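Chemist: One structure, as structure tokens, below. Some questions next.
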2 protein chains.
Amino acid sequence: MGGGERQEIAARRTRLPAAERREQILRIARELFIAEGFERASMRRIAERAGITPTAIYDHFADKEALMAAIGEEFFDGLIEALSTVPDATPDPLDRLKMLLEGYVRYGLARPREYRLVFMTPLEGLGRITGHRLPRDGTPPECLGGTMKGAISFAVLEGEIGMLMERGVLRPGDKEAVADVVWMMGHGLVSLLITHPGFEWTPLDTVIRTSIDTLLHGIVADLPPRHP
Amino acid sequence: MGGGERQEIAARRTRLPAAERREQILRIARELFIAEGFERASMRRIAERAGITPTAIYDHFADKEALMAAIGEEFFDGLIEALSTVPDATPDPLDRLKMLLEGYVRYGLARPREYRLVFMTPLEGLGRITGHRLPRDGTPPECLGGTMKGAISFAVLEGEIGMLMERGVLRPGDKEAVADVVWMMGHGLVSLLITHPGFEWTPLDTVIRTSIDTLLHGIVADLPPRHP
DNA sequence: AGGGTTAAGTTTACGCTGTTAGGTTACCGC
DNA sequence: GCGGTAACCTAACAGCGTAAACTTAACCCT
């Protein structure tokens with residue numbers, strides 16, 4: 001990360017092979033989107049930092065939203081990797097679900113601006129870029145979270161819940177609905193903390209612990225002992 | 001302007017008293033923000049629909065974000081009113097909490113675009129407009145949900161939970177943390193459904209019921225019988 | 001009635017924005 | 001040396017939020 005020159009200046013214009021330039025643009029775009037948000041960051045400033053003209057970006061990315069899509073891919077690659085470090089089996093079978101959930105929450109809270117980009121920033125032409133279906137007319141435009149790799153991350157959670165339910169660790173019920181609810185709890189936690197930093201929240205660790213405890217209490221068959 | 005052809009149209013424009021014009025602008029702005037989102041809607045198109053010039057808006061609102069703040073106020077007025085229709089006491093003391101939560105969720109899902117504007121749209125100069133404190137440097141900009149009337153809505157929830165906990169209906173614990181968690185669950189539900197309309201969610205009523213059931217199971221002292 | 005004040009709205013302009021069309025330059029294989 | 005092409009450019013369009021200065025219409029006060 002601490003590469004040679006800190007920031008490229010327009011003065012020195014070097015030609016780069018496409019792959020390198022693409023990666024450079026992507027890196028700068030992520031920095032700028034994170035610092036200023038999708039709408040406020042501009043193609044012109046991205047180009048300026050890369051030492052090229054704004055229009056040169058379009059040789060590497062279809063448009064601004066395509067840049068976002070690529071950034072989202074990286075975000076989910078990281079999330080999938082983070083979740084994959086959770087051990088396949090734990091002494092207490094519930095622990096794995098707990099660790100997955102906490103892993104998701106900590107991953108999101110560690111990159112609040114990226115989380116916001118991926119899960120809260122509406123993109124108009126998303127379907128065109130990712131080949132994903134567009135919402136029916138009238139529904140709001142989708143976010144990157146609904147993309148392929150987002151679904152992969154969700155599938156990890158869903159699989160774990162299905163397994164726990166079959167084993168009788170979780171109360172029997174609609175396992176898809178439970179998986180939805182678990183994600184919603186995690187997302188509610190992360191997104192509210194991100195979008196309302198000025199709110200007087202309970203200290204972070206307390207609210208995370210309370211969330212996960214409440215959730216598990218809500219879905220397990222036998223109630224585990226509770227921390228006071 | 002003697003022989004102006006275009007000026008005739010301008011001359012025909014009706015003058016309105018400030019209060020009326022303000023309300024008209026606000027109405028049009030809400031329609032446009034809802035239809036296209038905050039960033040994509042433009043002051044110029046708002047003005048066009050109102051039959052005035054773009055800069056005339058600035059006689060009534062400080063800037064574009066001030067328009068959003070006013071729209072947010074209305075949103076919360078509606079939410080507070082919706083929650084106030086929930087009866088003060090119910091046969092089962094848990095029912096009131098259930099109704100408050102479901103009320104919140106249904107209110108949000110009934111106005112997805114407004115919910116998105118209020119709880120997910122970052123505003124740069126929010127502190128300047130509302131007099132609210134600004135986040136410390138480095139934290140993301142706040143949304144309208146952190147505003148005074150948002151806090152009032154939250155206080156209703158917090159009060160109910162505090163009371164239920166004192167009465168022993170809820171498991172004893174950190175009542176603020178529990179209130180946070182309850183809001184987070186509700187917000188996660190509404191916001192994910194809004195931002196990911198293309199996702200294959202469990203049917204709406206099922207996921208709402210599962211959410212509320214899970215949450216209540218997680219926080220009550222005595223487990224109520226469960227619907228199969 | 002005439003002058004002053006003010007509210008309501010206009011014109012003009014500045015410096016931005018994403019994106020397209022078409023031109024230019026540097027390099028690689030022959 | 002010479003095409004071909006990959007990488008990049010210039011010019012331009014239509015639109016953006018907003019500040020400054022100006023006009024017009026309505027009212028109040030003498």
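Quick note on naming: the chains in the structure tokens go A, B, ... in the order shown, residues restart at 1 in each chain, and ligands are numbered from 1 in order of appearance.
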Provide as a PyMOL selection string the residues of chain A at most 8 Å from chain D, counting only C-alpha atoms (C1' of nucleotides).

Modeler: chain A and resi 15-18+52-53+56

Chemist: Write out as a list in words each polymer residue whose atoms come within 9 Å of B:Val105, counting only C-alpha atoms (C1' of nucleotides); drop sequence neighbours fewer than 6 positions from it.

Modeler: Gly186, His187, Leu189, Val190 and Ile208 of chain B

Chemist: If we count only C-alpha atoms (C1' of nucleotides), what is near B:Trp183 at a cut-off of 10 Å, once residues fewer than 3 positions away on the same chain are taken out, given as a list in words?

Modeler: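 Here the qualifying residues turn out to be Met185, Gly188, Leu189 and Leu192 of chain A; Leu101, Tyr104, Val105, Phe154, Leu157, Glu158, Ala177, Val178, Ala179, Asp180, Gly186, His187, Gly188 and Leu189 of chain B.
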
Chemist: Mind dumping a table of every chain B residue within 12 Å of chain C, with the nearest atom pair and its distance in Å to one decimal, using only C-alpha atoms (C1' of nucleotides), sorted by chain and rising number, as a tab-separated table?

Modeler:
```
residue	atom	partner	partner_atom	distance
B:Gln7	CA	C:DT10	C1'	10.4
B:Ala10	CA	C:DT10	C1'	8.8
B:Ala11	CA	C:DG9	C1'	10.3
B:Arg13	CA	C:DG9	C1'	9.4
B:Thr14	CA	C:DG9	C1'	10.0
B:Arg15	CA	C:DA8	C1'	6.7
B:Leu16	CA	C:DA8	C1'	7.6
B:Pro17	CA	C:DA8	C1'	8.0
B:Ala18	CA	C:DA8	C1'	7.9
B:Ala19	CA	C:DA8	C1'	11.6
B:Glu20	CA	C:DA8	C1'	11.9
B:Arg21	CA	C:DA8	C1'	9.8
B:Arg22	CA	C:DA8	C1'	11.7
B:Glu39	CA	C:DT17	C1'	11.8
B:Arg40	CA	C:DT17	C1'	11.7
B:Ala47	CA	C:DG9	C1'	11.5
B:Gly51	CA	C:DG9	C1'	10.5
B:Ile52	CA	C:DG9	C1'	7.3
B:Thr53	CA	C:DT10	C1'	7.3
B:Pro54	CA	C:DT10	C1'	9.8
B:Thr55	CA	C:DG9	C1'	8.5
B:Ala56	CA	C:DG9	C1'	5.9
B:Ile57	CA	C:DG9	C1'	9.5
B:Tyr58	CA	C:DG9	C1'	10.6
B:Asp59	CA	C:DA8	C1'	8.3
B:His60	CA	C:DA8	C1'	10.2
```

Chemist: Write out as an MDAnalysis selection string every residue belonging to chain A that has an atom at most 8 Å from any atom of chain B, counting only C-alpha atoms.

Modeler: chainID A and resid 39 112:113 119:120 122 133:135 139:143 145:146 173 176:178 180:181 183:189 191:192 194:199 201:202 206:207 210:211 213:219 228

Chemist: Would you mind exporting N, CA and C atoms of the selected residues as a short mmCIF file (atom, residue, chain, number, x, y, z; two decimals), in the first residue's frame?

Modeler:
```cif
data_model
loop_
_atom_site.label_atom_id
_atom_site.label_comp_id
_atom_site.auth_asym_id
_atom_site.auth_seq_id
_atom_site.Cartn_x
_atom_site.Cartn_y
_atom_site.Cartn_z
N GLU A 39 -22.04 10.28 -5.48
CA GLU A 39 -22.54 11.40 -6.28
C GLU A 39 -21.58 12.58 -6.28
N PRO A 112 -17.14 1.74 6.88
CA PRO A 112 -18.49 2.32 6.83
C PRO A 112 -18.84 2.94 5.48
N ARG A 113 -17.86 3.67 4.89
CA ARG A 113 -18.19 4.35 3.62
C ARG A 113 -18.41 3.34 2.51
N PHE A 119 -24.53 -0.90 0.00
CA PHE A 119 -25.87 -1.28 0.45
C PHE A 119 -26.88 -0.15 0.47
N MET A 120 -26.42 1.08 0.25
CA MET A 120 -27.39 2.18 0.36
C MET A 120 -27.40 3.12 -0.84
N PRO A 122 -28.20 4.04 -4.42
CA PRO A 122 -29.01 3.57 -5.55
C PRO A 122 -28.31 3.81 -6.87
N ARG A 133 -31.33 -8.54 -13.07
CA ARG A 133 -32.66 -8.06 -13.46
C ARG A 133 -32.95 -6.69 -12.84
N LEU A 134 -33.70 -5.92 -13.54
CA LEU A 134 -34.09 -4.61 -13.02
C LEU A 134 -35.39 -4.74 -12.24
N PRO A 135 -35.56 -3.90 -11.23
CA PRO A 135 -36.82 -3.94 -10.48
C PRO A 135 -37.97 -3.51 -11.38
N THR A 139 -40.57 0.47 -8.42
CA THR A 139 -39.73 0.14 -7.27
C THR A 139 -38.43 0.93 -7.37
N PRO A 140 -37.80 1.19 -6.23
CA PRO A 140 -36.57 1.98 -6.26
C PRO A 140 -35.46 1.20 -6.95
N PRO A 141 -34.47 1.90 -7.47
CA PRO A 141 -33.35 1.22 -8.12
C PRO A 141 -32.55 0.41 -7.11
N GLU A 142 -31.93 -0.61 -7.59
CA GLU A 142 -31.21 -1.52 -6.70
C GLU A 142 -29.85 -0.98 -6.27
N CYS A 143 -29.32 -1.59 -5.22
CA CYS A 143 -27.96 -1.32 -4.79
C CYS A 143 -27.10 -2.52 -5.15
N GLY A 145 -25.62 -4.48 -3.31
CA GLY A 145 -25.80 -5.62 -2.42
C GLY A 145 -26.62 -6.74 -3.04
N GLY A 146 -27.45 -6.39 -4.01
CA GLY A 146 -28.29 -7.39 -4.65
C GLY A 146 -27.59 -8.15 -5.75
N GLY A 173 -38.81 -23.88 11.67
CA GLY A 173 -39.57 -22.78 11.09
C GLY A 173 -39.14 -22.57 9.65
N GLU A 176 -35.67 -19.86 5.35
CA GLU A 176 -35.35 -18.67 4.54
C GLU A 176 -35.76 -17.39 5.28
N ALA A 177 -36.91 -17.43 5.88
CA ALA A 177 -37.37 -16.25 6.62
C ALA A 177 -36.42 -15.94 7.77
N VAL A 178 -35.96 -16.97 8.45
CA VAL A 178 -35.03 -16.75 9.56
C VAL A 178 -33.72 -16.17 9.05
N ASP A 180 -33.33 -14.37 6.40
CA ASP A 180 -33.64 -12.97 6.07
C ASP A 180 -33.56 -12.12 7.33
N VAL A 181 -34.20 -12.60 8.39
CA VAL A 181 -34.27 -11.82 9.62
C VAL A 181 -32.87 -11.62 10.22
N TRP A 183 -30.01 -11.52 8.61
CA TRP A 183 -29.32 -10.50 7.82
C TRP A 183 -29.86 -9.10 8.14
N MET A 184 -31.19 -9.02 8.25
CA MET A 184 -31.81 -7.73 8.53
C MET A 184 -31.32 -7.15 9.86
N MET A 185 -31.20 -8.02 10.86
CA MET A 185 -30.69 -7.55 12.15
C MET A 185 -29.26 -7.02 11.98
N GLY A 186 -28.43 -7.80 11.33
CA GLY A 186 -27.05 -7.36 11.13
C GLY A 186 -26.97 -6.07 10.32
N HIS A 187 -27.75 -6.01 9.28
CA HIS A 187 -27.73 -4.82 8.44
C HIS A 187 -28.28 -3.60 9.17
N GLY A 188 -29.33 -3.81 9.94
CA GLY A 188 -29.89 -2.69 10.71
C GLY A 188 -28.86 -2.12 11.66
N LEU A 189 -28.13 -3.00 12.31
CA LEU A 189 -27.09 -2.57 13.23
C LEU A 189 -26.04 -1.74 12.50
N SER A 191 -25.97 -0.40 9.45
CA SER A 191 -26.38 0.76 8.67
C SER A 191 -26.82 1.92 9.56
N LEU A 192 -27.51 1.63 10.63
CA LEU A 192 -27.93 2.73 11.51
C LEU A 192 -26.73 3.38 12.19
N ILE A 194 -23.85 3.61 10.96
CA ILE A 194 -23.14 4.36 9.93
C ILE A 194 -23.85 5.66 9.59
N THR A 195 -25.16 5.56 9.40
CA THR A 195 -25.88 6.74 8.92
C THR A 195 -26.23 7.72 10.03
N HIS A 196 -26.15 7.28 11.27
CA HIS A 196 -26.50 8.17 12.38
C HIS A 196 -25.40 8.20 13.43
N PRO A 197 -24.23 8.66 13.03
CA PRO A 197 -23.09 8.65 13.94
C PRO A 197 -23.26 9.61 15.12
N GLY A 198 -24.14 10.59 14.95
CA GLY A 198 -24.32 11.56 16.01
C GLY A 198 -25.33 11.11 17.07
N PHE A 199 -26.04 10.03 16.76
CA PHE A 199 -27.05 9.52 17.70
C PHE A 199 -26.37 8.97 18.95
N TRP A 201 -25.88 6.36 20.75
CA TRP A 201 -26.00 4.90 20.82
C TRP A 201 -25.37 4.38 22.10
N THR A 202 -25.89 3.22 22.49
CA THR A 202 -25.21 2.45 23.53
C THR A 202 -23.81 2.12 23.02
N THR A 206 -21.45 -3.19 23.56
CA THR A 206 -22.70 -3.53 24.23
C THR A 206 -23.83 -3.76 23.22
N VAL A 207 -23.92 -2.87 22.27
CA VAL A 207 -25.04 -2.98 21.34
C VAL A 207 -24.85 -4.17 20.40
N THR A 210 -25.71 -7.19 22.62
CA THR A 210 -27.16 -7.24 22.85
C THR A 210 -27.90 -7.70 21.60
N SER A 211 -27.47 -7.21 20.46
CA SER A 211 -28.11 -7.60 19.20
C SER A 211 -28.01 -9.10 18.98
N ASP A 213 -27.15 -11.49 21.07
CA ASP A 213 -27.84 -12.24 22.12
C ASP A 213 -29.34 -12.29 21.88
N THR A 214 -29.91 -11.13 21.59
CA THR A 214 -31.35 -11.06 21.36
C THR A 214 -31.75 -11.94 20.19
N LEU A 215 -30.99 -11.84 19.15
CA LEU A 215 -31.30 -12.60 17.95
C LEU A 215 -31.25 -14.09 18.22
N LEU A 216 -30.18 -14.54 18.87
CA LEU A 216 -30.04 -15.97 19.13
C LEU A 216 -31.12 -16.45 20.09
N HIS A 217 -31.38 -15.64 21.11
CA HIS A 217 -32.48 -15.98 22.02
C HIS A 217 -33.78 -16.14 21.26
N GLY A 218 -33.91 -15.37 20.19
CA GLY A 218 -35.15 -15.40 19.43
C GLY A 218 -35.29 -16.62 18.55
N ILE A 219 -34.18 -17.26 18.22
CA ILE A 219 -34.29 -18.34 17.23
C ILE A 219 -33.87 -19.71 17.73
N PRO A 228 -25.36 -11.41 32.36
CA PRO A 228 -26.17 -10.47 33.13
C PRO A 228 -25.99 -9.04 32.72
#
```

Chemist: I need the helix (DSSP H, G or I) residues of chain A per DSSP on the backbone, written as a ChimeraX atom specification.

Modeler: /A:18-36,43-50,54-59,64-84,93-110,112-120,126-130,144-146,148-166,175-195,204-219

Chemist: What's the separation between atom CA of A:Arg44 and atom CA of A:Glu23, in Å to one decimal place?

Modeler: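 A separation of 17.0 Å between them.
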
Chemist: List the spatial neighbours of A:Arg167 as a list in words - criterion: any atom at most 12 Å away, only C-alpha atoms (C1' of nucleotides), same-chain residues fewer than 4 positions off excluded.

Modeler: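 Contacts, in chain order: Pro93, Leu94, Glu160, Ile161, Gly162, Met163, Arg171, Pro172, Val220 and Ala221 of chain A.
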
Chemist: Could you write those residues out with C-alpha atoms, as a compact mmCIF listing (two decimals), in the first residue's frame?

Modeler:
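Heads up, here's the output in again.txt:
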```txt
# COMPACT_ATOMS: atom_id res chain seq x y z
CA PRO A 93 -22.65 -25.37 17.03
CA LEU A 94 -24.21 -21.97 17.69
CA GLU A 160 -25.57 -22.39 8.24
CA ILE A 161 -29.07 -21.61 9.44
CA GLY A 162 -30.58 -24.42 7.43
CA MET A 163 -28.10 -26.84 8.94
CA ARG A 171 -36.41 -23.80 16.56
CA PRO A 172 -38.05 -25.27 13.48
CA VAL A 220 -32.66 -21.10 19.27
CA ALA A 221 -34.56 -24.09 20.57
```

Chemist: If I take atom CA of A:Ile46 and atom CA of A:Ile28, how far is one from the other in Å, to one decimal?

Modeler: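 These atoms are spaced 6.2 Å apart.
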
Chemist: Please measure the separation of atom CA of A:Val156 and atom CA of A:Val118, giving the value in Å to one decimal.

Modeler: 18.5 Å
